[in-house]
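Source file: run_23.csv; contents: CSV, C-alpha atoms.
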```csv
chain,number,residue,atom,x,y,z
R,1,MET,CA,0.0,0.0,0.0
R,2,SER,CA,3.0,2.2,-0.5
R,3,ASP,CA,1.2,4.4,-3.1
R,4,LEU,CA,-1.6,5.3,-0.7
R,5,LEU,CA,-1.9,8.7,1.1
R,6,ARG,CA,-1.2,8.8,4.8
R,7,THR,CA,-2.4,11.2,7.5
R,8,PRO,CA,0.1,13.0,9.8
R,9,LEU,CA,-0.9,10.5,12.5
R,10,PHE,CA,0.0,7.4,10.5
R,11,PRO,CA,3.3,6.9,12.4
R,12,LEU,CA,1.4,6.5,15.6
R,13,TYR,CA,-0.7,3.5,14.4
R,14,ALA,CA,2.1,1.1,14.9
R,15,GLN,CA,2.0,1.4,18.7
R,16,TYR,CA,-1.4,-0.4,18.7
R,17,GLU,CA,-0.9,-4.1,18.4
R,18,GLY,CA,-4.3,-4.9,16.8
R,19,VAL,CA,-4.3,-2.1,14.2
R,20,ARG,CA,-5.3,-3.1,10.7
R,21,CYS,CA,-5.1,-0.6,7.9
R,22,ILE,CA,-7.0,-0.7,4.6
R,23,ASP,CA,-7.2,1.3,1.3
R,24,PHE,CA,-10.0,3.7,2.0
R,25,GLY,CA,-10.5,6.0,-1.0
R,26,GLY,CA,-6.8,6.2,-1.7
R,27,TRP,CA,-5.8,6.6,1.9
R,28,GLU,CA,-4.1,4.0,4.1
R,29,LEU,CA,-6.3,4.2,7.2
R,30,PRO,CA,-7.1,2.0,10.2
R,31,VAL,CA,-10.3,0.0,9.9
R,32,GLN,CA,-9.7,-1.0,13.5
R,33,PHE,CA,-7.2,-0.8,16.4
R,34,SER,CA,-8.6,-3.4,18.7
R,35,GLY,CA,-11.8,-4.6,17.1
R,36,ILE,CA,-14.8,-2.9,15.6
R,37,GLN,CA,-17.3,-4.2,18.2
R,38,LYS,CA,-15.1,-3.1,21.1
R,39,GLU,CA,-14.5,0.3,19.6
R,40,HIS,CA,-18.2,0.8,18.8
R,41,GLU,CA,-19.1,-0.1,22.4
R,42,ALA,CA,-16.5,2.2,23.8
R,43,VAL,CA,-17.9,5.2,21.9
R,44,ARG,CA,-21.5,4.4,22.9
R,45,GLU,CA,-20.5,3.9,26.6
R,46,ARG,CA,-17.3,5.9,27.2
R,47,ALA,CA,-15.3,7.5,24.4
R,48,GLY,CA,-13.3,6.8,21.3
R,49,LEU,CA,-10.7,8.9,19.4
R,50,PHE,CA,-10.7,8.9,15.6
R,51,ASP,CA,-8.1,10.1,13.1
R,52,VAL,CA,-10.1,11.7,10.3
R,53,SER,CA,-7.3,13.8,8.9
R,54,HIS,CA,-8.1,12.6,5.4
R,55,MET,CA,-11.0,15.0,5.3
R,56,GLY,CA,-10.6,18.1,3.1
R,57,GLU,CA,-10.6,21.7,4.3
R,58,PHE,CA,-11.1,24.7,2.0
R,59,THR,CA,-10.9,28.4,3.1
R,60,VAL,CA,-13.3,30.8,1.4
R,61,THR,CA,-12.9,34.5,1.9
R,62,GLY,CA,-13.7,37.8,0.2
R,63,GLU,CA,-16.5,40.4,0.0
R,64,GLN,CA,-18.7,38.0,-2.0
R,65,ALA,CA,-17.9,34.8,0.1
R,66,GLU,CA,-21.4,34.6,1.6
R,67,ALA,CA,-23.2,35.1,-1.7
R,68,PHE,CA,-21.0,32.5,-3.3
R,69,LEU,CA,-21.7,29.9,-0.7
R,70,GLN,CA,-25.4,30.7,-0.7
R,71,ASN,CA,-25.5,29.9,-4.4
R,72,MET,CA,-23.4,26.7,-4.0
R,73,THR,CA,-25.1,25.1,-1.0
R,74,THR,CA,-28.6,24.1,0.0
R,75,ASN,CA,-28.7,25.4,3.5
R,76,ASP,CA,-29.0,29.1,4.5
R,77,VAL,CA,-25.4,30.3,5.0
R,78,SER,CA,-26.7,33.8,5.7
R,79,ALA,CA,-28.3,32.6,8.9
R,80,THR,CA,-25.0,31.6,10.5
R,81,VAL,CA,-22.9,33.7,12.9
R,82,PRO,CA,-19.2,33.7,13.6
R,83,GLY,CA,-18.4,30.7,15.7
R,84,GLN,CA,-21.2,28.5,14.2
R,85,ALA,CA,-20.9,25.4,12.0
R,86,GLN,CA,-23.6,24.4,9.5
R,87,TYR,CA,-24.3,21.0,7.8
R,88,THR,CA,-25.2,21.5,4.2
R,89,LEU,CA,-25.0,20.0,0.7
R,90,MET,CA,-23.8,21.0,-2.8
R,91,CYS,CA,-26.1,19.8,-5.6
R,92,TYR,CA,-26.0,19.5,-9.3
R,93,PRO,CA,-28.7,21.3,-11.3
R,94,ASP,CA,-30.8,18.1,-11.4
R,95,GLY,CA,-30.8,17.9,-7.6
R,96,GLY,CA,-28.2,15.1,-7.3
R,97,VAL,CA,-25.6,15.6,-4.7
R,98,VAL,CA,-22.0,16.8,-5.4
R,99,ASP,CA,-21.1,16.3,-1.7
R,100,ASP,CA,-22.3,16.9,1.8
R,101,LEU,CA,-20.1,19.1,4.0
R,102,LEU,CA,-19.8,21.4,7.0
R,103,ILE,CA,-19.3,25.1,6.7
R,104,TYR,CA,-17.6,26.9,9.6
R,105,LYS,CA,-18.2,30.7,9.8
R,106,LEU,CA,-14.8,31.9,11.1
R,107,ALA,CA,-15.7,35.6,10.7
R,108,GLU,CA,-17.7,37.8,8.4
R,109,GLN,CA,-17.0,36.8,4.8
R,110,HIS,CA,-14.5,34.1,6.1
R,111,TYR,CA,-15.4,30.4,6.0
R,112,MET,CA,-13.9,27.0,6.3
R,113,LEU,CA,-15.5,24.2,4.3
R,114,VAL,CA,-15.0,20.6,5.4
R,115,VAL,CA,-15.5,18.1,2.6
R,116,ASN,CA,-15.3,14.3,2.1
R,117,ALA,CA,-11.8,13.0,1.4
R,118,SER,CA,-12.9,11.1,-1.7
R,119,ASN,CA,-14.4,14.3,-3.1
R,120,ILE,CA,-11.7,16.8,-2.4
R,121,ASP,CA,-10.5,17.2,-6.0
R,122,LYS,CA,-14.1,17.0,-7.4
R,123,ASP,CA,-15.4,19.6,-4.9
R,124,TRP,CA,-12.5,21.9,-5.5
R,125,ALA,CA,-13.1,21.8,-9.3
R,126,TRP,CA,-16.9,22.3,-8.8
R,127,LEU,CA,-16.4,25.3,-6.6
R,128,GLN,CA,-13.7,26.8,-8.9
R,129,GLU,CA,-16.0,26.3,-11.9
R,130,HIS,CA,-18.6,28.5,-10.3
R,131,ILE,CA,-16.4,31.0,-8.4
R,132,ILE,CA,-17.3,34.7,-8.8
R,133,PRO,CA,-15.3,37.9,-8.5
R,134,GLY,CA,-14.8,38.9,-4.9
R,135,VAL,CA,-14.1,35.4,-3.7
R,136,ASN,CA,-10.8,33.8,-2.8
R,137,MET,CA,-10.3,30.1,-2.1
R,138,THR,CA,-7.4,28.1,-0.6
R,139,ASN,CA,-7.1,24.3,-0.2
R,140,ASP,CA,-5.7,23.7,3.3
R,141,SER,CA,-6.2,20.0,3.4
R,142,GLU,CA,-2.6,18.9,3.5
R,143,GLN,CA,-1.8,21.3,6.3
R,144,THR,CA,-4.7,20.4,8.5
R,145,ALA,CA,-5.2,17.3,10.7
R,146,LEU,CA,-8.6,16.4,12.2
R,147,LEU,CA,-9.3,14.3,15.3
R,148,ALA,CA,-12.7,13.3,16.5
R,149,LEU,CA,-13.2,12.7,20.2
R,150,GLN,CA,-16.6,11.1,20.6
R,151,GLY,CA,-18.7,9.5,23.3
R,152,PRO,CA,-20.5,10.4,26.6
R,153,LEU,CA,-17.2,11.0,28.4
R,154,ALA,CA,-15.8,13.3,25.7
R,155,VAL,CA,-16.4,16.4,27.7
R,156,ASP,CA,-14.8,15.0,30.9
R,157,ILE,CA,-11.7,13.9,28.9
R,158,LEU,CA,-11.3,17.2,27.0
R,159,SER,CA,-11.8,19.2,30.2
R,160,LYS,CA,-8.5,17.7,31.6
R,161,VAL,CA,-6.4,19.1,28.7
R,162,THR,CA,-8.0,22.4,27.8
R,163,GLY,CA,-6.7,25.8,28.8
R,164,SER,CA,-8.4,27.7,31.6
R,165,GLU,CA,-10.2,30.0,29.2
R,166,ILE,CA,-12.2,27.1,27.7
R,167,ASP,CA,-15.1,25.4,29.3
R,168,ALA,CA,-15.7,22.5,26.9
R,169,SER,CA,-19.1,21.7,28.4
R,170,SER,CA,-20.4,25.1,27.6
R,171,ILE,CA,-19.7,24.8,23.8
R,172,GLU,CA,-23.1,24.4,22.2
R,173,PRO,CA,-23.8,21.9,19.4
R,174,PHE,CA,-22.5,23.1,16.0
R,175,ARG,CA,-20.6,25.9,17.7
R,176,PHE,CA,-16.8,26.1,17.8
R,177,VAL,CA,-13.9,28.0,19.4
R,178,GLN,CA,-11.0,29.2,17.4
R,179,HIS,CA,-7.5,29.2,18.9
R,180,ALA,CA,-8.6,27.0,21.8
R,181,GLU,CA,-5.7,25.5,23.7
R,182,VAL,CA,-5.8,21.7,23.9
R,183,CYS,CA,-2.8,19.7,25.1
R,184,GLY,CA,-0.9,22.9,24.9
R,185,VAL,CA,-1.7,23.3,21.2
R,186,LYS,CA,-3.8,26.1,19.6
R,187,LEU,CA,-6.5,24.6,17.4
R,188,LEU,CA,-10.2,24.9,16.3
R,189,LEU,CA,-12.4,23.0,18.8
R,190,SER,CA,-15.9,22.1,17.4
R,191,ARG,CA,-18.9,20.5,19.1
R,192,THR,CA,-19.7,18.3,16.2
R,193,GLY,CA,-19.3,14.6,15.2
R,194,TYR,CA,-20.5,11.7,13.2
R,195,THR,CA,-21.4,9.0,15.7
R,196,GLY,CA,-24.8,10.0,17.1
R,197,GLU,CA,-23.0,10.6,20.4
R,198,ASP,CA,-21.8,13.8,22.1
R,199,GLY,CA,-18.3,14.8,21.1
R,200,PHE,CA,-15.8,17.2,19.5
R,201,GLU,CA,-13.8,17.6,16.4
R,202,LEU,CA,-10.4,19.2,16.6
R,203,TYR,CA,-8.8,20.9,13.6
R,204,VAL,CA,-5.1,21.2,14.2
R,205,ALA,CA,-1.9,22.0,12.2
R,206,ALA,CA,-0.6,18.7,10.8
R,207,ASP,CA,2.7,19.0,12.5
R,208,GLN,CA,1.0,19.3,15.9
R,209,ALA,CA,-1.5,16.5,15.5
R,210,ALA,CA,0.6,13.8,17.3
R,211,LEU,CA,0.9,16.0,20.4
R,212,VAL,CA,-2.9,16.3,20.6
R,213,TRP,CA,-3.5,12.6,19.9
R,214,ASN,CA,-1.1,11.4,22.6
R,215,GLY,CA,-2.3,14.0,25.1
R,216,LEU,CA,-6.0,13.0,24.7
R,217,MET,CA,-5.2,9.3,24.9
R,218,GLU,CA,-3.3,9.9,28.1
R,219,ALA,CA,-6.1,12.1,29.5
R,220,GLY,CA,-8.7,9.4,28.8
R,221,ALA,CA,-6.7,6.3,29.8
R,222,ASP,CA,-8.3,6.1,33.3
R,223,VAL,CA,-11.9,6.2,31.9
R,224,GLY,CA,-11.5,3.7,29.0
R,225,LEU,CA,-10.8,6.0,26.0
R,226,VAL,CA,-9.8,3.9,23.0
R,227,PRO,CA,-8.5,4.7,19.5
R,228,ALA,CA,-11.2,3.9,17.0
R,229,GLY,CA,-11.1,3.1,13.3
R,230,LEU,CA,-13.2,3.4,10.2
R,231,GLY,CA,-15.2,0.2,10.9
R,232,ALA,CA,-16.7,1.5,14.2
R,233,ARG,CA,-17.1,5.0,12.6
R,234,ASP,CA,-19.3,3.4,10.0
R,235,THR,CA,-21.4,1.3,12.3
R,236,LEU,CA,-21.9,4.2,14.7
R,237,ARG,CA,-23.0,6.6,12.0
R,238,PHE,CA,-25.2,3.9,10.5
R,239,GLU,CA,-27.1,3.3,13.7
R,240,ALA,CA,-27.7,7.1,14.0
R,241,LYS,CA,-28.9,7.2,10.3
R,242,LEU,CA,-26.1,9.7,9.4
R,243,PRO,CA,-25.6,9.6,5.6
R,244,LEU,CA,-22.4,8.4,3.9
R,245,TYR,CA,-21.6,9.9,0.5
R,246,GLY,CA,-21.5,7.3,-2.1
R,247,GLN,CA,-24.2,5.2,-0.3
R,248,GLU,CA,-27.0,7.4,1.1
R,249,LEU,CA,-26.0,10.4,-1.1
R,250,SER,CA,-24.7,10.5,-4.6
R,251,PRO,CA,-25.1,12.3,-7.9
R,252,THR,CA,-28.3,10.2,-8.5
R,253,ILE,CA,-29.7,10.5,-4.9
R,254,SER,CA,-31.1,13.9,-3.9
R,255,PRO,CA,-31.1,15.3,-0.3
R,256,LEU,CA,-34.9,15.1,-0.2
R,257,GLU,CA,-34.8,11.4,-1.1
R,258,ALA,CA,-32.2,10.9,1.6
R,259,GLY,CA,-34.5,12.5,4.2
R,260,LEU,CA,-32.3,15.6,4.6
R,261,GLY,CA,-35.0,18.1,3.7
R,262,MET,CA,-34.3,20.2,6.9
R,263,PHE,CA,-30.9,21.1,5.4
R,264,VAL,CA,-32.5,22.3,2.1
R,265,LYS,CA,-33.8,25.8,2.6
R,266,LEU,CA,-35.9,26.4,-0.5
R,267,ASN,CA,-37.3,29.7,0.8
R,268,ALA,CA,-33.8,31.2,1.4
R,269,GLY,CA,-33.1,32.2,-2.1
R,270,SER,CA,-31.8,30.4,-5.2
R,271,PHE,CA,-28.9,27.9,-5.3
R,272,ILE,CA,-27.7,25.3,-7.8
R,273,GLY,CA,-30.3,22.6,-7.9
R,274,HIS,CA,-33.0,24.7,-6.3
R,275,GLU,CA,-35.5,24.4,-9.2
R,276,ALA,CA,-35.2,20.6,-9.4
R,277,LEU,CA,-35.5,20.2,-5.6
R,278,LEU,CA,-38.5,22.5,-5.4
R,279,GLN,CA,-40.2,20.5,-8.1
R,280,GLN,CA,-39.3,17.2,-6.3
R,281,LYS,CA,-40.7,18.6,-3.0
R,282,ASN,CA,-43.9,19.7,-4.7
R,283,ASP,CA,-44.4,16.4,-6.4
R,284,GLY,CA,-43.1,14.3,-3.5
R,285,PRO,CA,-39.9,12.3,-3.9
R,286,ALA,CA,-40.5,9.1,-5.9
R,287,ARG,CA,-38.0,7.3,-3.6
R,288,LYS,CA,-37.3,7.6,0.1
R,289,LEU,CA,-34.5,6.4,2.4
R,290,ILE,CA,-36.0,4.1,5.1
R,291,GLY,CA,-34.9,1.6,7.7
R,292,ILE,CA,-35.4,-2.1,7.2
R,293,GLU,CA,-35.0,-5.2,9.5
R,294,VAL,CA,-34.4,-8.6,8.1
R,295,LEU,CA,-36.7,-11.0,9.9
R,296,GLU,CA,-34.9,-14.2,8.8
R,297,ARG,CA,-31.3,-15.1,9.1
R,298,GLY,CA,-29.4,-12.8,6.8
R,299,ILE,CA,-27.5,-9.5,6.9
R,300,PRO,CA,-28.4,-6.7,4.4
R,301,ARG,CA,-25.5,-5.3,2.4
R,302,PRO,CA,-25.2,-2.4,0.0
R,303,HIS,CA,-26.9,-2.9,-3.3
R,304,TYR,CA,-28.9,-6.0,-2.2
R,305,PRO,CA,-32.3,-5.6,-4.0
R,306,ILE,CA,-35.5,-5.0,-2.1
R,307,TYR,CA,-38.9,-6.4,-3.3
R,308,ALA,CA,-42.5,-5.8,-2.6
R,309,ASP,CA,-45.6,-7.2,-4.5
R,310,GLY,CA,-43.2,-9.4,-6.5
R,311,VAL,CA,-41.2,-6.5,-8.1
R,312,GLN,CA,-38.0,-4.8,-7.2
R,313,ILE,CA,-38.7,-1.4,-5.5
R,314,GLY,CA,-35.2,-0.4,-4.5
R,315,GLU,CA,-32.0,-1.5,-2.8
R,316,VAL,CA,-30.0,-1.4,0.4
R,317,THR,CA,-27.6,1.5,0.8
R,318,THR,CA,-26.0,0.4,4.1
R,319,GLY,CA,-26.6,-2.6,6.2
R,320,THR,CA,-25.0,-4.7,9.0
R,321,GLN,CA,-25.8,-6.5,12.2
R,322,SER,CA,-26.2,-3.6,14.6
R,323,PRO,CA,-23.5,-3.8,17.3
R,324,THR,CA,-25.7,-2.0,19.8
R,325,LEU,CA,-29.0,-3.7,19.1
R,326,LYS,CA,-27.8,-7.1,17.7
R,327,ARG,CA,-30.5,-6.9,14.9
R,328,ASN,CA,-29.9,-7.3,11.2
R,329,LEU,CA,-30.7,-3.8,10.0
R,330,GLY,CA,-30.3,-1.7,6.9
R,331,LEU,CA,-30.9,1.6,5.3
R,332,ALA,CA,-32.6,1.3,1.9
R,333,LEU,CA,-33.7,3.6,-0.9
R,334,ILE,CA,-37.1,2.4,-2.1
R,335,ASP,CA,-40.3,3.4,-3.9
R,336,SER,CA,-42.1,5.9,-1.7
R,337,LYS,CA,-45.4,3.9,-1.9
R,338,TYR,CA,-43.8,1.2,0.4
R,339,THR,CA,-42.3,3.3,3.1
R,340,ALA,CA,-44.9,3.1,5.9
R,341,LEU,CA,-43.6,1.5,9.1
R,342,GLY,CA,-44.4,-2.2,9.3
R,343,THR,CA,-44.7,-2.6,5.5
R,344,PRO,CA,-43.7,-6.2,4.6
R,345,LEU,CA,-40.7,-6.4,2.2
R,346,GLU,CA,-38.4,-9.0,0.8
R,347,ILE,CA,-34.6,-8.7,0.4
R,348,GLU,CA,-32.6,-10.9,-1.9
R,349,ILE,CA,-29.5,-12.3,-0.2
R,350,ARG,CA,-27.3,-14.7,-2.2
R,351,GLY,CA,-30.1,-15.5,-4.5
R,352,LYS,CA,-32.7,-16.1,-1.8
R,353,LYS,CA,-35.5,-13.8,-0.9
R,354,LEU,CA,-35.9,-13.3,2.8
R,355,LYS,CA,-38.6,-11.6,4.8
R,356,ALA,CA,-38.0,-8.0,6.0
R,357,GLU,CA,-40.1,-5.0,7.0
R,358,VAL,CA,-39.8,-1.2,7.3
R,359,VAL,CA,-38.7,-0.1,10.8
R,360,LYS,CA,-38.2,3.2,12.5
R,361,THR,CA,-35.0,5.2,12.2
R,362,PRO,CA,-32.6,6.2,13.6
R,363,PHE,CA,-31.9,2.8,14.9
R,364,HIS,CA,-30.1,4.3,17.9
R,365,LYS,CA,-30.7,7.6,19.5
R,366,ARG,CA,-28.8,8.6,22.6
R,367,THR,CA,-30.7,9.9,25.7
R,368,ARG,CA,-29.8,13.6,25.9
R,369,THR,CA,-29.6,15.5,29.2
R,370,SER,CA,-28.7,18.6,27.2
R,371,LYS,CA,-28.3,19.7,23.6
R,372,THR,CA,-25.8,17.6,21.8
R,373,PRO,CA,-24.8,17.3,18.1
R,374,THR,CA,-26.2,14.5,16.0
R,375,GLN,CA,-25.3,15.5,12.5
R,376,GLY,CA,-22.0,15.8,10.8
R,377,ALA,CA,-20.5,15.4,7.3
R,378,GLU,CA,-18.7,12.4,6.3
R,379,GLN,CA,-16.2,11.5,5.5
R,380,ALA,CA,-15.2,9.0,3.0
```
Target format structure tokens, applied to this file:
Amino acid sequence: MSDLLRTPLFPLYAQYEGVRCIDFGGWELPVQFSGIQKEHEAVRERAGLFDVSHMGEFTVTGEQAEAFLQNMTTNDVSATVPGQAQYTLMCYPDGGVVDDLLIYKLAEQHYMLVVNASNIDKDWAWLQEHIIPGVNMTNDSEQTALLALQGPLAVDILSKVTGSEIDASSIEPFRFVQHAEVCGVKLLLSRTGYTGEDGFELYVAADQAALVWNGLMEAGADVGLVPAGLGARDTLRFEAKLPLYGQELSPTISPLEAGLGMFVKLNAGSFIGHEALLQQKNDGPARKLIGIEVLERGIPRPHYPIYADGVQIGEVTTGTQSPTLKRNLGLALIDSKYTALGTPLEIEIRGKKLKAEVVKTPFHKRTRTSKTPTQGAEQA
């Protein structure tokens, strides 16, 4: 895997005996450190630390920066204030998705975009194709590392290593602090994540990332913090019904079909894809993303066909045996006529049709004692 890209934290992986790396969109990344099930449970019950430095970061500035992003994305950028992050999507004119992303408003007319690693080049080209006078863009992906500390004990762990000026527990969901001191390093600290649990994402200069990783692992050692890989990241986001680009979102799957209508502000002005999505909303999406449970012995996997009334009505986008619930569950994009809870379906697994039904999503939703983030961009 010598030709694969590596994050600034790659040299640290070797200290973990059970680490196993894979080719993930051209990156050599850990699918697990000690085991997917163990890491998944740690994040649900305590905390896990993820290296997601493969994500892309673009800076957008200039007197027309807000107007530019308002046209490029589906959410209402103008509604954000400095210190706020916003989940949004970029769409093609036909309503298909270019990418889903986070926009951080650093200051007036100064933004950071966080995009999926597999889409960095495509997203950059798309934005450059539509850039307008009064806008400047830089690609800071190689200089920026990203760590995600996730789980119910994330606040407690972080509080041990933050400077006196930062109260981690007081940061609201989708809010962030610039120049926060964590483990003695200045970084951007954000109350966001992609696991369905409470947590933080830390944007740090690449050459300082190892200091922060080691400092957080040491701070969390006494409460069971574990390093977590891509396998657990995927099962965690799946249980929380957080979309993965290339599975729940794609150039042929719209935000409305994926159930992300709350992030499409059709009344906030025009954007690329606005007309198509407005038509789709008025007509009602022909397909919808729903949850399924396989009632016989079999695990749903991406692209497995779904049937009702003897005809194929869609396919699985993501599926597995839920590590938390121990049930064989999947997300599936199917004909809207069959999306009512309890609707009987069939899923074809290795040439055999098995009984399934539509079930409620998200499959897992944490009990919240206060506001905590549930939605983030991924991250392939």
Next item on the list: Give the answer as one residue: which of R:Asp23, R:Glu248, R:Asp100, R:Glu57 has the shortest atom-to-atom distance to Glu315 in chain R, using all atoms listed in the file?
Entry: R:Glu248
Checklist line | Polymer residues at most 10 Å from Val114 in chain R, all atoms listed in the file, same-chain spacing of 4 or more positions, as a list in words | finding: Met55, Gly56, Glu57, Phe58, Thr59, Tyr87, Asp100, Leu101, Leu102, Ile103, Tyr104, Ile120, Ser141, Ala377, Glu378 and Gln379 of chain R
Next item on the list: Quick one: everything within 10 Å of range 206-223 of chain R, counting only C-alpha atoms, minus sequence neighbours fewer than 6 positions away in the same chain. Send it as a ChimeraX atom specification.
Entry: /R:7-12,46-51,53,141-149,153-154,156-161,182-187
Notebook entry, point to check: Leaving out Lys365 in chain R and any residue of its chain fewer than 6 positions from it, which residues lie within 10 Å of it when counting all atoms listed in the file, given as a ChimeraX atom specification?
Noted result: /R:196-197,239-241,374
Checklist line | Near-Gly284 in chain R list (10 Å; only C-alpha atoms; drop same-chain fewer than 6 positions) as a PyMOL selection string | finding: chain R and resi 256-257+277-278+336
Next item on the list: Using all atoms listed in the file, pick whichever of R:Ile349, R:Ala42, R:Arg287, R:Arg366 has the shortest atom-to-atom distance to Thr252 in chain R.
Entry: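 Checking each of R:Ile349, R:Ala42, R:Arg287, R:Arg366 against Thr252 in chain R, counting all atoms listed in the file, the winner is R:Arg287.
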Next item on the list: Please identify all polymer residues within 12 Å of Glu172 in chain R, counting only C-alpha atoms, omitting same-chain residues fewer than 3 positions from it, and present them as a VMD selection string.
Entry: chain R and resid 83 to 85 155 167 to 169 175 to 177 189 to 192 198 to 200 370 to 373
Notebook entry, point to check: So how far away is CA of Asp309 in chain R from CA of Pro285 in chain R, in Å?
Noted result: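 For CA of Pro285 in chain R relative to CA of Asp309 in chain R, the distance reads 20.3 Å.
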Notebook entry, point to check: What gap, in Å, lies between CA of Gly261 in chain R and CA of Asn116 in chain R?
Noted result: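 Interatomic distance here is 20.1 Å.
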Notebook entry, point to check: For Met137 in chain R, which residue out of R:Asp99, R:Lys122, R:Thr61, R:Thr195 is the nearest one, using all atoms listed in the file?
Noted result: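 Checking each of R:Asp99, R:Lys122, R:Thr61, R:Thr195 against Met137 in chain R, counting all atoms listed in the file, the winner is R:Thr61.
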Notebook entry, point to check: Out of R:Val294, R:Leu69, R:Ile171, R:Leu89, which residue has the shortest atom-to-atom distance to Gln128 in chain R when counting only C-alpha atoms?
Noted result: R:Leu69
Check: With distances taken over all atoms listed in the file, which of R:His130, R:Arg20, R:Arg6, R:Arg301 is nearest to Ala67 in chain R?
Finding: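 Answer, going by the shortest atom-to-atom distance: R:His130.
Considering the residues R:Phe24, R:Tyr13, R:Tyr92, R:Tyr194 and counting all atoms listed in the file, Pro255 in chain R has its shortest atom-to-atom contact with R:Tyr92.
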Next item on the list: One decimal, Å: what's the distance from CA of Tyr16 in chain R over to CA of Gln32 in chain R, could you say?
Entry: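 CA of Gln32 in chain R lies at a distance of 9.8 Å from CA of Tyr16 in chain R.
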Restore N, CA and C atoms in range 192-206 of chain R and list the result as a PDB file, in the frame of the given file.
```pdb
ATOM      1  N   THR R 192     -19.049  18.958  17.293  1.00  0.00           N
ATOM      2  CA  THR R 192     -19.700  18.300  16.200  1.00  0.00           C
ATOM      3  C   THR R 192     -19.167  16.820  16.158  1.00  0.00           C
ATOM      4  N   GLY R 193     -19.758  15.998  15.307  1.00  0.00           N
ATOM      5  CA  GLY R 193     -19.300  14.600  15.200  1.00  0.00           C
ATOM      6  C   GLY R 193     -20.187  13.813  14.263  1.00  0.00           C
ATOM      7  N   TYR R 194     -19.864  12.521  14.170  1.00  0.00           N
ATOM      8  CA  TYR R 194     -20.500  11.700  13.200  1.00  0.00           C
ATOM      9  C   TYR R 194     -20.792  10.286  13.715  1.00  0.00           C
ATOM     10  N   THR R 195     -21.180  10.260  14.998  1.00  0.00           N
ATOM     11  CA  THR R 195     -21.400   9.000  15.700  1.00  0.00           C
ATOM     12  C   THR R 195     -22.772   8.863  16.305  1.00  0.00           C
ATOM     13  N   GLY R 196     -23.511   9.983  16.389  1.00  0.00           N
ATOM     14  CA  GLY R 196     -24.800  10.000  17.100  1.00  0.00           C
ATOM     15  C   GLY R 196     -24.563  10.190  18.615  1.00  0.00           C
ATOM     16  N   GLU R 197     -23.308  10.333  19.049  1.00  0.00           N
ATOM     17  CA  GLU R 197     -23.000  10.600  20.400  1.00  0.00           C
ATOM     18  C   GLU R 197     -22.521  12.051  20.598  1.00  0.00           C
ATOM     19  N   ASP R 198     -22.393  12.474  21.853  1.00  0.00           N
ATOM     20  CA  ASP R 198     -21.800  13.800  22.100  1.00  0.00           C
ATOM     21  C   ASP R 198     -20.313  13.690  21.672  1.00  0.00           C
ATOM     22  N   GLY R 199     -19.706  14.839  21.437  1.00  0.00           N
ATOM     23  CA  GLY R 199     -18.300  14.800  21.100  1.00  0.00           C
ATOM     24  C   GLY R 199     -17.809  16.075  20.447  1.00  0.00           C
ATOM     25  N   PHE R 200     -16.535  16.028  20.070  1.00  0.00           N
ATOM     26  CA  PHE R 200     -15.800  17.200  19.500  1.00  0.00           C
ATOM     27  C   PHE R 200     -14.973  16.783  18.349  1.00  0.00           C
ATOM     28  N   GLU R 201     -14.780  17.743  17.467  1.00  0.00           N
ATOM     29  CA  GLU R 201     -13.800  17.600  16.400  1.00  0.00           C
ATOM     30  C   GLU R 201     -12.765  18.671  16.550  1.00  0.00           C
ATOM     31  N   LEU R 202     -11.500  18.278  16.379  1.00  0.00           N
ATOM     32  CA  LEU R 202     -10.400  19.200  16.600  1.00  0.00           C
ATOM     33  C   LEU R 202      -9.569  19.340  15.362  1.00  0.00           C
ATOM     34  N   TYR R 203      -9.560  20.561  14.828  1.00  0.00           N
ATOM     35  CA  TYR R 203      -8.800  20.900  13.600  1.00  0.00           C
ATOM     36  C   TYR R 203      -7.486  21.505  14.052  1.00  0.00           C
ATOM     37  N   VAL R 204      -6.398  20.835  13.695  1.00  0.00           N
ATOM     38  CA  VAL R 204      -5.100  21.200  14.200  1.00  0.00           C
ATOM     39  C   VAL R 204      -4.060  21.171  13.097  1.00  0.00           C
ATOM     40  N   ALA R 205      -3.030  22.016  13.210  1.00  0.00           N
ATOM     41  CA  ALA R 205      -1.900  22.000  12.200  1.00  0.00           C
ATOM     42  C   ALA R 205      -1.351  20.591  12.176  1.00  0.00           C
ATOM     43  N   ALA R 206      -1.081  20.118  10.967  1.00  0.00           N
ATOM     44  CA  ALA R 206      -0.600  18.700  10.800  1.00  0.00           C
ATOM     45  C   ALA R 206       0.566  18.387  11.638  1.00  0.00           C
TER      46      ALA R 206
END
```
